file query_35.pdb (PDB, C-alpha atoms, pLDDT in the B column)
ATOM      1  CA  SER V   1      -1.743 -16.138  10.804  1.00 82.00           C
ATOM      2  CA  GLN V   2      -1.239 -14.934   7.288  1.00 85.00           C
ATOM      3  CA  THR V   3       2.127 -14.029   5.824  1.00 91.00           C
ATOM      4  CA  ILE V   4       3.190 -12.740   2.444  1.00 95.00           C
ATOM      5  CA  HIS V   5       6.592 -13.305   0.871  1.00 96.00           C
ATOM      6  CA  GLN V   6       8.323 -11.654  -2.039  1.00 97.00           C
ATOM      7  CA  TRP V   7      11.557 -12.495  -3.744  1.00 95.00           C
ATOM      8  CA  PRO V   8      14.058 -11.520  -4.622  1.00 97.00           C
ATOM      9  CA  ALA V   9      14.471  -8.624  -2.211  1.00 96.00           C
ATOM     10  CA  THR V  10      16.721  -6.723  -4.605  1.00 96.00           C
ATOM     11  CA  LEU V  11      17.521  -7.154  -8.261  1.00 97.00           C
ATOM     12  CA  VAL V  12      19.796  -5.381 -10.704  1.00 97.00           C
ATOM     13  CA  GLN V  13      19.104  -6.171 -14.337  1.00 97.00           C
ATOM     14  CA  PRO V  14      20.345  -4.819 -17.683  1.00 98.00           C
ATOM     15  CA  VAL V  15      17.982  -3.151 -20.112  1.00 97.00           C
ATOM     16  CA  GLY V  16      16.387  -5.720 -22.397  1.00 97.00           C
ATOM     17  CA  SER V  17      16.693  -8.616 -19.978  1.00 97.00           C
ATOM     18  CA  PRO V  18      13.692 -10.628 -18.740  1.00 97.00           C
ATOM     19  CA  LEU V  19      12.125 -10.304 -15.318  1.00 97.00           C
ATOM     20  CA  SER V  20      10.327 -12.603 -12.944  1.00 97.00           C
ATOM     21  CA  LEU V  21       9.227 -11.505  -9.480  1.00 98.00           C
ATOM     22  CA  GLU V  22       7.373 -13.870  -7.233  1.00 98.00           C
ATOM     23  CA  CYS V  23       4.875 -13.351  -4.456  1.00 98.00           C
ATOM     24  CA  THR V  24       3.336 -16.040  -2.264  1.00 97.00           C
ATOM     25  CA  VAL V  25       0.796 -15.838   0.517  1.00 96.00           C
ATOM     26  CA  GLU V  26       0.424 -18.279   3.391  1.00 95.00           C
ATOM     27  CA  GLY V  27      -2.401 -18.865   5.818  1.00 91.00           C
ATOM     28  CA  THR V  28      -5.347 -17.866   3.667  1.00 89.00           C
ATOM     29  CA  SER V  29      -7.318 -19.214   0.731  1.00 89.00           C
ATOM     30  CA  ASN V  30      -8.531 -17.564  -2.442  1.00 91.00           C
ATOM     31  CA  PRO V  31      -7.122 -14.128  -1.634  1.00 93.00           C
ATOM     32  CA  ASN V  32      -7.300 -11.146  -3.943  1.00 93.00           C
ATOM     33  CA  LEU V  33      -3.731 -10.407  -5.030  1.00 95.00           C
ATOM     34  CA  TYR V  34      -2.186  -7.153  -6.214  1.00 95.00           C
ATOM     35  CA  TRP V  35       1.025  -5.865  -7.777  1.00 96.00           C
ATOM     36  CA  TYR V  36       2.006  -2.242  -7.191  1.00 95.00           C
ATOM     37  CA  ARG V  37       4.998  -0.226  -8.311  1.00 94.00           C
ATOM     38  CA  GLN V  38       6.451   2.640  -6.362  1.00 92.00           C
ATOM     39  CA  ALA V  39       8.879   4.878  -8.212  1.00 83.00           C
ATOM     40  CA  ALA V  40      11.455   6.746  -6.142  1.00 77.00           C
ATOM     41  CA  GLY V  41       9.744   9.298  -3.911  1.00 73.00           C
ATOM     42  CA  ARG V  42       6.376   8.591  -5.472  1.00 76.00           C
ATOM     43  CA  GLY V  43       3.106   7.019  -4.459  1.00 86.00           C
ATOM     44  CA  LEU V  44       1.693   3.615  -5.317  1.00 91.00           C
ATOM     45  CA  GLN V  45       0.745   2.659  -8.838  1.00 90.00           C
ATOM     46  CA  LEU V  46      -1.533  -0.373  -9.151  1.00 92.00           C
ATOM     47  CA  LEU V  47      -0.245  -2.594 -11.956  1.00 94.00           C
ATOM     48  CA  PHE V  48      -2.286  -5.798 -11.780  1.00 94.00           C
ATOM     49  CA  TYR V  49      -4.810  -7.515  -9.571  1.00 92.00           C
ATOM     50  CA  SER V  50      -6.231 -11.003  -9.489  1.00 94.00           C
ATOM     51  CA  VAL V  51      -9.386 -12.414  -7.940  1.00 92.00           C
ATOM     52  CA  GLY V  52      -8.572 -16.040  -8.719  1.00 93.00           C
ATOM     53  CA  ILE V  53      -6.306 -18.514 -10.489  1.00 95.00           C
ATOM     54  CA  GLY V  54      -5.702 -17.424 -14.053  1.00 92.00           C
ATOM     55  CA  GLN V  55      -7.729 -14.221 -13.607  1.00 94.00           C
ATOM     56  CA  ILE V  56      -5.631 -11.117 -14.142  1.00 94.00           C
ATOM     57  CA  SER V  57      -6.755  -7.532 -14.555  1.00 92.00           C
ATOM     58  CA  SER V  58      -4.305  -4.958 -15.864  1.00 90.00           C
ATOM     59  CA  GLU V  59      -4.552  -1.370 -14.725  1.00 86.00           C
ATOM     60  CA  VAL V  60      -1.786   0.171 -16.791  1.00 81.00           C
ATOM     61  CA  PRO V  61      -0.680  -0.819 -20.315  1.00 66.00           C
ATOM     62  CA  GLN V  62       3.055  -1.499 -20.325  1.00 80.00           C
ATOM     63  CA  ASN V  63       5.635  -4.163 -21.021  1.00 90.00           C
ATOM     64  CA  LEU V  64       4.873  -6.013 -17.798  1.00 95.00           C
ATOM     65  CA  SER V  65       2.570  -8.988 -17.366  1.00 95.00           C
ATOM     66  CA  ALA V  66       1.277 -10.966 -14.424  1.00 96.00           C
ATOM     67  CA  SER V  67       0.213 -14.534 -13.873  1.00 96.00           C
ATOM     68  CA  ARG V  68      -1.422 -16.495 -11.084  1.00 97.00           C
ATOM     69  CA  PRO V  69      -0.595 -20.154 -11.612  1.00 96.00           C
ATOM     70  CA  GLN V  70      -1.685 -21.183  -8.123  1.00 96.00           C
ATOM     71  CA  ASP V  71      -4.183 -19.843  -5.604  1.00 95.00           C
ATOM     72  CA  ARG V  72      -1.568 -18.146  -3.437  1.00 95.00           C
ATOM     73  CA  GLN V  73       1.125 -17.388  -5.993  1.00 97.00           C
ATOM     74  CA  PHE V  74       1.356 -14.225  -8.053  1.00 97.00           C
ATOM     75  CA  ILE V  75       4.140 -13.601 -10.561  1.00 98.00           C
ATOM     76  CA  LEU V  76       5.168 -10.375 -12.272  1.00 97.00           C
ATOM     77  CA  SER V  77       7.101 -10.766 -15.513  1.00 97.00           C
ATOM     78  CA  SER V  78       8.622  -8.911 -18.387  1.00 96.00           C
ATOM     79  CA  LYS V  79      10.238 -10.166 -21.597  1.00 96.00           C
ATOM     80  CA  LYS V  80      12.433  -7.066 -22.010  1.00 96.00           C
ATOM     81  CA  LEU V  81      13.045  -4.578 -19.234  1.00 96.00           C
ATOM     82  CA  LEU V  82      13.145  -0.838 -19.803  1.00 95.00           C
ATOM     83  CA  LEU V  83      14.999   1.759 -17.740  1.00 94.00           C
ATOM     84  CA  SER V  84      11.611   3.091 -16.660  1.00 92.00           C
ATOM     85  CA  ASP V  85      10.790  -0.248 -15.041  1.00 94.00           C
ATOM     86  CA  SER V  86      13.113   0.553 -12.157  1.00 94.00           C
ATOM     87  CA  GLY V  87      11.291   0.923  -8.871  1.00 94.00           C
ATOM     88  CA  PHE V  88      10.055  -0.770  -5.750  1.00 95.00           C
ATOM     89  CA  TYR V  89       7.551  -3.541  -6.477  1.00 96.00           C
ATOM     90  CA  LEU V  90       5.044  -4.431  -3.835  1.00 96.00           C
ATOM     91  CA  CYS V  91       2.723  -7.394  -3.702  1.00 97.00           C
ATOM     92  CA  ALA V  92      -0.392  -7.272  -1.535  1.00 96.00           C
ATOM     93  CA  TRP V  93      -3.264  -9.547  -0.613  1.00 94.00           C
ATOM     94  CA  ARG V  94      -6.744  -9.011   0.697  1.00 92.00           C
ATOM     95  CA  GLY V  95      -9.488 -11.320   1.934  1.00 86.00           C
ATOM     96  CA  ILE V  96     -12.424 -11.693  -0.384  1.00 76.00           C
ATOM     97  CA  THR V  97     -15.157 -10.901   2.119  1.00 70.00           C
ATOM     98  CA  GLY V  98     -15.843  -7.967   4.345  1.00 64.00           C
ATOM     99  CA  THR V  99     -13.803  -4.810   4.397  1.00 60.00           C
ATOM    100  CA  TYR V 100     -10.408  -6.281   5.036  1.00 76.00           C
ATOM    101  CA  PRO V 101      -7.507  -3.971   4.277  1.00 87.00           C
ATOM    102  CA  GLN V 102      -4.727  -4.937   1.942  1.00 91.00           C
ATOM    103  CA  TYR V 103      -1.621  -6.460   3.502  1.00 93.00           C
ATOM    104  CA  PHE V 104       1.681  -5.850   1.815  1.00 95.00           C
ATOM    105  CA  GLY V 105       4.800  -7.890   1.274  1.00 96.00           C
ATOM    106  CA  PRO V 106       8.325  -6.593   1.992  1.00 96.00           C
ATOM    107  CA  GLY V 107       8.845  -5.498  -1.609  1.00 95.00           C
ATOM    108  CA  THR V 108      11.443  -6.025  -4.335  1.00 96.00           C
ATOM    109  CA  ARG V 109      13.834  -3.233  -5.275  1.00 96.00           C
ATOM    110  CA  LEU V 110      14.457  -3.443  -9.040  1.00 96.00           C
ATOM    111  CA  THR V 111      17.181  -1.405 -10.705  1.00 96.00           C
ATOM    112  CA  VAL V 112      17.429  -1.537 -14.477  1.00 96.00           C
ATOM    113  CA  LEU V 113      20.761  -0.328 -15.846  1.00 96.00           C
TER     114      LEU V 113
ATOM    115  CA  GLY Q   1     -14.419   7.829  -8.930  1.00 87.00           C
ATOM    116  CA  ASP Q   2     -13.271   7.546  -5.344  1.00 91.00           C
ATOM    117  CA  SER Q   3     -10.106   9.362  -4.334  1.00 93.00           C
ATOM    118  CA  VAL Q   4      -7.891  10.218  -1.380  1.00 96.00           C
ATOM    119  CA  THR Q   5      -6.027  13.481  -0.899  1.00 96.00           C
ATOM    120  CA  GLN Q   6      -3.219  13.840   1.613  1.00 94.00           C
ATOM    121  CA  MET Q   7      -1.294  16.877   2.694  1.00 88.00           C
ATOM    122  CA  GLU Q   8       1.898  17.202   0.734  1.00 84.00           C
ATOM    123  CA  GLY Q   9       5.139  16.650   2.512  1.00 86.00           C
ATOM    124  CA  PRO Q  10       7.737  16.411   3.522  1.00 94.00           C
ATOM    125  CA  VAL Q  11       6.893  17.109   7.139  1.00 96.00           C
ATOM    126  CA  THR Q  12       9.815  17.711   9.490  1.00 97.00           C
ATOM    127  CA  LEU Q  13       9.275  17.804  13.247  1.00 97.00           C
ATOM    128  CA  SER Q  14      11.370  17.773  16.353  1.00 97.00           C
ATOM    129  CA  GLU Q  15      11.108  14.851  18.731  1.00 97.00           C
ATOM    130  CA  GLU Q  16       8.099  15.101  21.094  1.00 97.00           C
ATOM    131  CA  ALA Q  17       6.252  17.481  18.769  1.00 98.00           C
ATOM    132  CA  PHE Q  18       2.575  17.033  17.920  1.00 98.00           C
ATOM    133  CA  LEU Q  19       1.836  15.471  14.541  1.00 97.00           C
ATOM    134  CA  THR Q  20      -1.103  15.980  12.229  1.00 97.00           C
ATOM    135  CA  ILE Q  21      -1.219  14.615   8.699  1.00 97.00           C
ATOM    136  CA  ASN Q  22      -4.374  15.646   6.892  1.00 97.00           C
ATOM    137  CA  CYS Q  23      -6.364  13.233   4.773  1.00 97.00           C
ATOM    138  CA  THR Q  24      -9.632  13.874   2.972  1.00 97.00           C
ATOM    139  CA  TYR Q  25     -11.551  11.585   0.712  1.00 97.00           C
ATOM    140  CA  THR Q  26     -14.191  11.544  -1.986  1.00 96.00           C
ATOM    141  CA  ALA Q  27     -16.376   8.472  -2.162  1.00 94.00           C
ATOM    142  CA  THR Q  28     -19.920   7.325  -2.666  1.00 89.00           C
ATOM    143  CA  GLY Q  29     -21.538   5.371   0.111  1.00 86.00           C
ATOM    144  CA  TYR Q  30     -19.643   4.366   3.233  1.00 88.00           C
ATOM    145  CA  PRO Q  31     -15.997   3.555   2.670  1.00 93.00           C
ATOM    146  CA  SER Q  32     -13.633   2.040   5.206  1.00 94.00           C
ATOM    147  CA  LEU Q  33     -10.576   4.171   5.923  1.00 96.00           C
ATOM    148  CA  PHE Q  34      -6.999   3.191   6.710  1.00 96.00           C
ATOM    149  CA  TRP Q  35      -3.583   4.593   7.494  1.00 98.00           C
ATOM    150  CA  TYR Q  36      -0.490   2.706   6.416  1.00 97.00           C
ATOM    151  CA  VAL Q  37       3.131   3.394   7.338  1.00 97.00           C
ATOM    152  CA  GLN Q  38       6.162   2.590   5.184  1.00 95.00           C
ATOM    153  CA  TYR Q  39       9.599   2.564   6.787  1.00 95.00           C
ATOM    154  CA  PRO Q  40      12.629   2.969   4.492  1.00 90.00           C
ATOM    155  CA  GLY Q  41      13.163  -0.020   2.236  1.00 89.00           C
ATOM    156  CA  GLU Q  42      10.104  -1.877   3.497  1.00 92.00           C
ATOM    157  CA  GLY Q  43       6.561  -2.624   2.430  1.00 93.00           C
ATOM    158  CA  LEU Q  44       3.498  -0.860   3.757  1.00 95.00           C
ATOM    159  CA  GLN Q  45       2.240  -1.809   7.197  1.00 96.00           C
ATOM    160  CA  LEU Q  46      -1.326  -1.264   8.299  1.00 95.00           C
ATOM    161  CA  LEU Q  47      -1.226   1.295  11.098  1.00 97.00           C
ATOM    162  CA  LEU Q  48      -4.896   1.761  11.943  1.00 97.00           C
ATOM    163  CA  LYS Q  49      -8.361   1.597  10.476  1.00 95.00           C
ATOM    164  CA  ALA Q  50     -11.937   2.796  10.905  1.00 96.00           C
ATOM    165  CA  THR Q  51     -14.919   1.223   9.224  1.00 92.00           C
ATOM    166  CA  LYS Q  52     -17.772   3.624   9.984  1.00 92.00           C
ATOM    167  CA  ALA Q  53     -18.457   7.238  10.798  1.00 93.00           C
ATOM    168  CA  ASP Q  54     -17.166   8.492  14.167  1.00 95.00           C
ATOM    169  CA  ASP Q  55     -14.986   5.408  14.654  1.00 96.00           C
ATOM    170  CA  LYS Q  56     -11.540   6.164  16.037  1.00 97.00           C
ATOM    171  CA  GLY Q  57      -8.678   3.975  14.940  1.00 97.00           C
ATOM    172  CA  SER Q  58      -5.608   3.901  17.149  1.00 97.00           C
ATOM    173  CA  ASN Q  59      -2.266   2.122  17.321  1.00 97.00           C
ATOM    174  CA  LYS Q  60       1.222   2.870  18.669  1.00 96.00           C
ATOM    175  CA  GLY Q  61       0.098   6.289  19.916  1.00 97.00           C
ATOM    176  CA  PHE Q  62      -1.363   7.286  16.553  1.00 98.00           C
ATOM    177  CA  GLU Q  63      -5.051   8.106  16.211  1.00 98.00           C
ATOM    178  CA  ALA Q  64      -7.462   9.000  13.427  1.00 98.00           C
ATOM    179  CA  THR Q  65     -11.209   9.651  13.569  1.00 98.00           C
ATOM    180  CA  TYR Q  66     -13.557   8.925  10.676  1.00 97.00           C
ATOM    181  CA  ARG Q  67     -15.390  12.209  10.099  1.00 97.00           C
ATOM    182  CA  LYS Q  68     -18.115  11.759   7.543  1.00 94.00           C
ATOM    183  CA  GLU Q  69     -19.353  15.343   7.774  1.00 95.00           C
ATOM    184  CA  THR Q  70     -15.955  16.662   6.696  1.00 96.00           C
ATOM    185  CA  THR Q  71     -14.944  13.521   4.715  1.00 96.00           C
ATOM    186  CA  SER Q  72     -11.692  13.441   6.641  1.00 97.00           C
ATOM    187  CA  PHE Q  73      -9.454  10.949   8.439  1.00 98.00           C
ATOM    188  CA  HIS Q  74      -6.570  12.985   9.809  1.00 98.00           C
ATOM    189  CA  LEU Q  75      -3.686  11.152  11.469  1.00 98.00           C
ATOM    190  CA  GLU Q  76      -2.465  12.501  14.828  1.00 98.00           C
ATOM    191  CA  LYS Q  77       0.138  11.669  17.428  1.00 98.00           C
ATOM    192  CA  GLY Q  78       0.760  13.633  20.561  1.00 97.00           C
ATOM    193  CA  SER Q  79       4.510  13.151  20.801  1.00 96.00           C
ATOM    194  CA  VAL Q  80       6.517  11.845  17.860  1.00 98.00           C
ATOM    195  CA  GLN Q  81       9.775   9.943  18.116  1.00 97.00           C
ATOM    196  CA  VAL Q  82      12.701   9.640  15.742  1.00 97.00           C
ATOM    197  CA  SER Q  83      11.539   6.077  15.039  1.00 97.00           C
ATOM    198  CA  ASP Q  84       8.277   7.453  13.583  1.00 97.00           C
ATOM    199  CA  SER Q  85      10.193   8.777  10.578  1.00 97.00           C
ATOM    200  CA  ALA Q  86       8.517   7.110   7.601  1.00 96.00           C
ATOM    201  CA  VAL Q  87       6.071   7.666   4.761  1.00 95.00           C
ATOM    202  CA  TYR Q  88       2.397   7.605   5.760  1.00 97.00           C
ATOM    203  CA  PHE Q  89      -0.375   6.642   3.334  1.00 96.00           C
ATOM    204  CA  CYS Q  90      -4.066   7.286   3.785  1.00 97.00           C
ATOM    205  CA  ALA Q  91      -6.351   4.824   1.985  1.00 95.00           C
ATOM    206  CA  LEU Q  92      -9.993   3.984   1.490  1.00 94.00           C
ATOM    207  CA  PHE Q  93     -11.816   0.790   0.595  1.00 91.00           C
ATOM    208  CA  ASN Q  94     -15.185   1.086  -1.134  1.00 88.00           C
ATOM    209  CA  ASN Q  95     -17.117  -1.060  -3.588  1.00 83.00           C
ATOM    210  CA  ASN Q  96     -14.379  -3.685  -3.668  1.00 81.00           C
ATOM    211  CA  ASP Q  97     -11.819  -1.076  -4.679  1.00 84.00           C
ATOM    212  CA  MET Q  98      -8.879   0.277  -2.685  1.00 88.00           C
ATOM    213  CA  ARG Q  99      -7.515   3.790  -3.246  1.00 92.00           C
ATOM    214  CA  PHE Q 100      -4.333   5.249  -1.757  1.00 94.00           C
ATOM    215  CA  GLY Q 101      -3.214   8.788  -1.195  1.00 94.00           C
ATOM    216  CA  ALA Q 102       0.132   9.934  -2.549  1.00 93.00           C
ATOM    217  CA  GLY Q 103       1.873   9.502   0.795  1.00 94.00           C
ATOM    218  CA  THR Q 104       3.382  12.011   3.225  1.00 95.00           C
ATOM    219  CA  ARG Q 105       7.011  11.722   4.269  1.00 95.00           C
ATOM    220  CA  LEU Q 106       7.638  12.467   7.948  1.00 97.00           C
ATOM    221  CA  THR Q 107      11.101  13.136   9.324  1.00 97.00           C
ATOM    222  CA  VAL Q 108      11.535  13.472  13.072  1.00 98.00           C
ATOM    223  CA  LYS Q 109      14.768  15.074  14.279  1.00 97.00           C
ATOM    224  CA  PRO Q 110      16.243  14.463  17.716  1.00 95.00           C
TER     225      PRO Q 110
END
call {"tool": "encode", "arguments": {"input": "query_35.pdb", "output": "structure tokens"}}
result
Amino acid sequence: SQTIHQWPATLVQPVGSPLSLECTVEGTSNPNLYWYRQAAGRGLQLLFYSVGIGQISSEVPQNLSASRPQDRQFILSSKKLLLSDSGFYLCAWRGITGTYPQYFGPGTRLTVL
Amino acid sequence: GDSVTQMEGPVTLSEEAFLTINCTYTATGYPSLFWYVQYPGEGLQLLLKATKADDKGSNKGFEATYRKETTSFHLEKGSVQVSDSAVYFCALFNNNDMRFGAGTRLTVKP
């Protein structure tokens, strides 16, 4: 069966510091991968998605970036965090055929102080 | 473009009450429809799905019927429990694109 991991689970970072969040998927090949952000009490905001290694599409212009160095690894990064980057970051995967739903990881709670 | 509209929350119910969370969608063609649940501090979990008109998705006592004539996919449960307290998201998948509603927070009081 497929599983999706995210780490760290929680992170507290000062403004201006770098960020690296990691997401890995097990039990599937060539998944579509997604990064979402959920601000407190708000809905989901799609940040990035990837259909393959090195292929990243950005939905929202901001100081975040994403990379997919391996088939089942998706990384969210920033060179300098802003206060507004605080939120709950969710990674998700979906199979590339059919109408599979997206499956979500446990999330990373990021607080920028 | 495609979109999903959910009833605004929060919704507060007493234990054993009947639950309805409304969801309507706008989409071309024949989308697949989903309900996700998010418990505090966790990621979203797929609750149920329906892939064509008149399909009924069900899981853990929750049900939703894909109504193409009314473009709706309302979530229902006959008797809610305190453990059902969570945020519920309606979503659609169409043309290789997934869209989520804004989420509805449900609180069930004992």
call {"tool": "closest_residue", "arguments": {"input": "query_35.pdb", "among": "Q:Leu75, Q:Leu44, Q:Leu106, Q:Leu92", "to": "Ser58 (chain Q)", "atoms": "only C-alpha atoms"}}
result
Q:Leu75
call {"tool": "interface_residues", "arguments": {"input": "query_35.pdb", "of": "chain Q", "to": "chain V", "cutoff": "12 Å", "atoms": "all atoms listed in the file", "output": "PyMOL selection string"}}
result
chain Q and resi 4-6+8-10+30-52+86-105
call {"tool": "resolve_selection", "arguments": {"input": "query_35.pdb", "expression": "the PyMOL selection byres ((chain Q and resi 14) around 9)", "output": "list in words"}}
result
Thr12, Leu13, Glu15, Glu16, Ala17, Phe18, Val80, Gln81, Val82, Thr107, Val108, Lys109 and Pro110 of chain Q
call {"tool": "write_last_selection", "arguments": {"input": "query_35.pdb", "atoms": "C-alpha atoms", "output": "PDB file, keeping the file's coordinate frame"}}
result
ATOM      1  CA  THR Q  12       9.815  17.711   9.490  1.00 97.00           C
ATOM      2  CA  LEU Q  13       9.275  17.804  13.247  1.00 97.00           C
ATOM      3  CA  GLU Q  15      11.108  14.851  18.731  1.00 97.00           C
ATOM      4  CA  GLU Q  16       8.099  15.101  21.094  1.00 97.00           C
ATOM      5  CA  ALA Q  17       6.252  17.481  18.769  1.00 98.00           C
ATOM      6  CA  PHE Q  18       2.575  17.033  17.920  1.00 98.00           C
ATOM      7  CA  VAL Q  80       6.517  11.845  17.860  1.00 98.00           C
ATOM      8  CA  GLN Q  81       9.775   9.943  18.116  1.00 97.00           C
ATOM      9  CA  VAL Q  82      12.701   9.640  15.742  1.00 97.00           C
ATOM     10  CA  THR Q 107      11.101  13.136   9.324  1.00 97.00           C
ATOM     11  CA  VAL Q 108      11.535  13.472  13.072  1.00 98.00           C
ATOM     12  CA  LYS Q 109      14.768  15.074  14.279  1.00 97.00           C
ATOM     13  CA  PRO Q 110      16.243  14.463  17.716  1.00 95.00           C
TER      14      PRO Q 110
END
call {"tool": "closest_residue", "arguments": {"input": "query_35.pdb", "among": "V:Gly27, V:Asp85, V:Asp71, V:Pro8", "to": "Leu47 (chain V)", "atoms": "only C-alpha atoms"}}
result
V:Asp85
call {"tool": "resolve_selection", "arguments": {"input": "query_35.pdb", "expression": "the PyMOL selection byres ((chain V and resi 60) around 10)", "output": "PyMOL selection string"}}
result
chain V and resi 45-48+57-59+61-64
call {"tool": "atom_distance", "arguments": {"input": "query_35.pdb", "atom1": "CA of Tyr36 (chain V)", "atom2": "CA of Ser67 (chain V)"}}
result
14.1 Å
call {"tool": "closest_residue", "arguments": {"input": "query_35.pdb", "among": "V:Gly87, V:Gly95, V:Pro31, V:Gly52", "to": "Leu11 (chain V)", "atoms": "all atoms listed in the file"}}
result
V:Gly87
call {"tool": "atom_distance", "arguments": {"input": "query_35.pdb", "atom1": "CA of Glu22 (chain V)", "atom2": "CA of Ala39 (chain V)"}}
result
18.8 Å
call {"tool": "residues_around", "arguments": {"input": "query_35.pdb", "residues": "Ile75 (chain V)", "least_positions_apart": "4", "cutoff": "8 Å", "atoms": "all atoms listed in the file", "output": "list in words"}}
result
Ser20, Leu21, Glu22, Cys23, Ala66, Ser67 and Arg68 of chain V
call {"tool": "resolve_selection", "arguments": {"input": "query_35.pdb", "expression": "the PyMOL selection byres ((chain V and resi 81) around 9)", "output": "list in words"}}
result
Gln13, Pro14, Val15, Gly16, Ser17, Pro18, Leu19, Asn63, Leu64, Ser78, Lys79, Lys80, Leu82, Leu83, Ser84, Asp85, Ser86 and Val112 of chain V
call {"tool": "axis_aligned_box", "arguments": {"input": "query_35.pdb", "around": "region 89-108 of chain Q", "padding_each_side": "6 Å", "output": "JSON"}}
result
{"center_x": -2.8, "center_y": 4.9, "center_z": 4.2, "size_x": 40.7, "size_y": 29.2, "size_z": 29.8}
call {"tool": "residues_around", "arguments": {"input": "query_35.pdb", "residues": "Thr70 (chain Q)", "least_positions_apart": "5", "cutoff": "12 Å", "atoms": "all atoms listed in the file", "output": "VMD selection string"}}
result
chain Q and resid 22 to 26 53 to 54 65
call {"tool": "atom_distance", "arguments": {"input": "query_35.pdb", "atom1": "CA of Gln38 (chain V)", "atom2": "CA of Tyr66 (chain Q)"}}
result
27.0 Å
call {"tool": "closest_residue", "arguments": {"input": "query_35.pdb", "among": "Q:Val11, Q:Ala27, Q:Asp55, Q:Ser3", "to": "Arg67 (chain Q)", "atoms": "only C-alpha atoms"}}
result
Q:Asp55
call {"tool": "residues_around", "arguments": {"input": "query_35.pdb", "residues": "Leu19 (chain Q)", "least_positions_apart": "3", "cutoff": "7 Å", "atoms": "all atoms listed in the file", "output": "number ranges by chain"}}
result
Q: 76-78, 80
call {"tool": "decode", "arguments": {"input": "query_35.pdb", "residues": "region 42-54 of chain Q", "atoms": "N, CA, C and O atoms", "output": "compact mmCIF listing (two decimals), in the first residue's frame"}}
result
# COMPACT_ATOMS: atom_id res chain seq x y z
N GLU Q 42 -3.97 17.40 11.76
CA GLU Q 42 -3.66 16.31 10.85
C GLU Q 42 -3.87 16.71 9.39
O GLU Q 42 -4.43 17.77 9.09
N GLY Q 43 -3.42 15.85 8.49
CA GLY Q 43 -3.69 16.06 7.08
C GLY Q 43 -5.11 15.67 6.72
O GLY Q 43 -5.88 15.23 7.57
N LEU Q 44 -5.44 15.84 5.46
CA LEU Q 44 -6.78 15.48 4.99
C LEU Q 44 -6.84 13.99 4.73
O LEU Q 44 -5.92 13.41 4.15
N GLN Q 45 -7.97 13.39 5.11
CA GLN Q 45 -8.20 11.98 4.83
C GLN Q 45 -9.39 11.87 3.89
O GLN Q 45 -10.40 12.54 4.09
N LEU Q 46 -9.25 11.01 2.89
CA LEU Q 46 -10.37 10.78 2.00
C LEU Q 46 -11.48 10.07 2.76
O LEU Q 46 -11.26 9.02 3.36
N LEU Q 47 -12.68 10.65 2.74
CA LEU Q 47 -13.80 10.09 3.46
C LEU Q 47 -14.67 9.23 2.55
O LEU Q 47 -15.02 8.11 2.88
N LEU Q 48 -15.03 9.78 1.38
CA LEU Q 48 -15.82 9.02 0.43
C LEU Q 48 -15.71 9.66 -0.94
O LEU Q 48 -15.25 10.80 -1.07
N LYS Q 49 -16.17 8.92 -1.94
CA LYS Q 49 -16.08 9.44 -3.30
C LYS Q 49 -17.21 8.90 -4.16
O LYS Q 49 -17.84 7.89 -3.82
N ALA Q 50 -17.45 9.59 -5.27
CA ALA Q 50 -18.42 9.15 -6.27
C ALA Q 50 -17.90 9.59 -7.63
O ALA Q 50 -17.46 10.73 -7.78
N THR Q 51 -17.93 8.70 -8.59
CA THR Q 51 -17.30 9.00 -9.86
C THR Q 51 -18.28 9.25 -11.00
O THR Q 51 -17.87 9.69 -12.07
N LYS Q 52 -19.57 8.98 -10.79
CA LYS Q 52 -20.53 9.28 -11.85
C LYS Q 52 -21.89 9.61 -11.24
O LYS Q 52 -22.16 9.33 -10.07
N ALA Q 53 -22.73 10.18 -12.07
CA ALA Q 53 -24.04 10.63 -11.61
C ALA Q 53 -24.82 9.49 -10.96
O ALA Q 53 -24.80 8.35 -11.43
N ASP Q 54 -25.49 9.84 -9.85
CA ASP Q 54 -26.34 8.95 -9.06
C ASP Q 54 -25.55 7.96 -8.21
O ASP Q 54 -26.16 7.19 -7.45
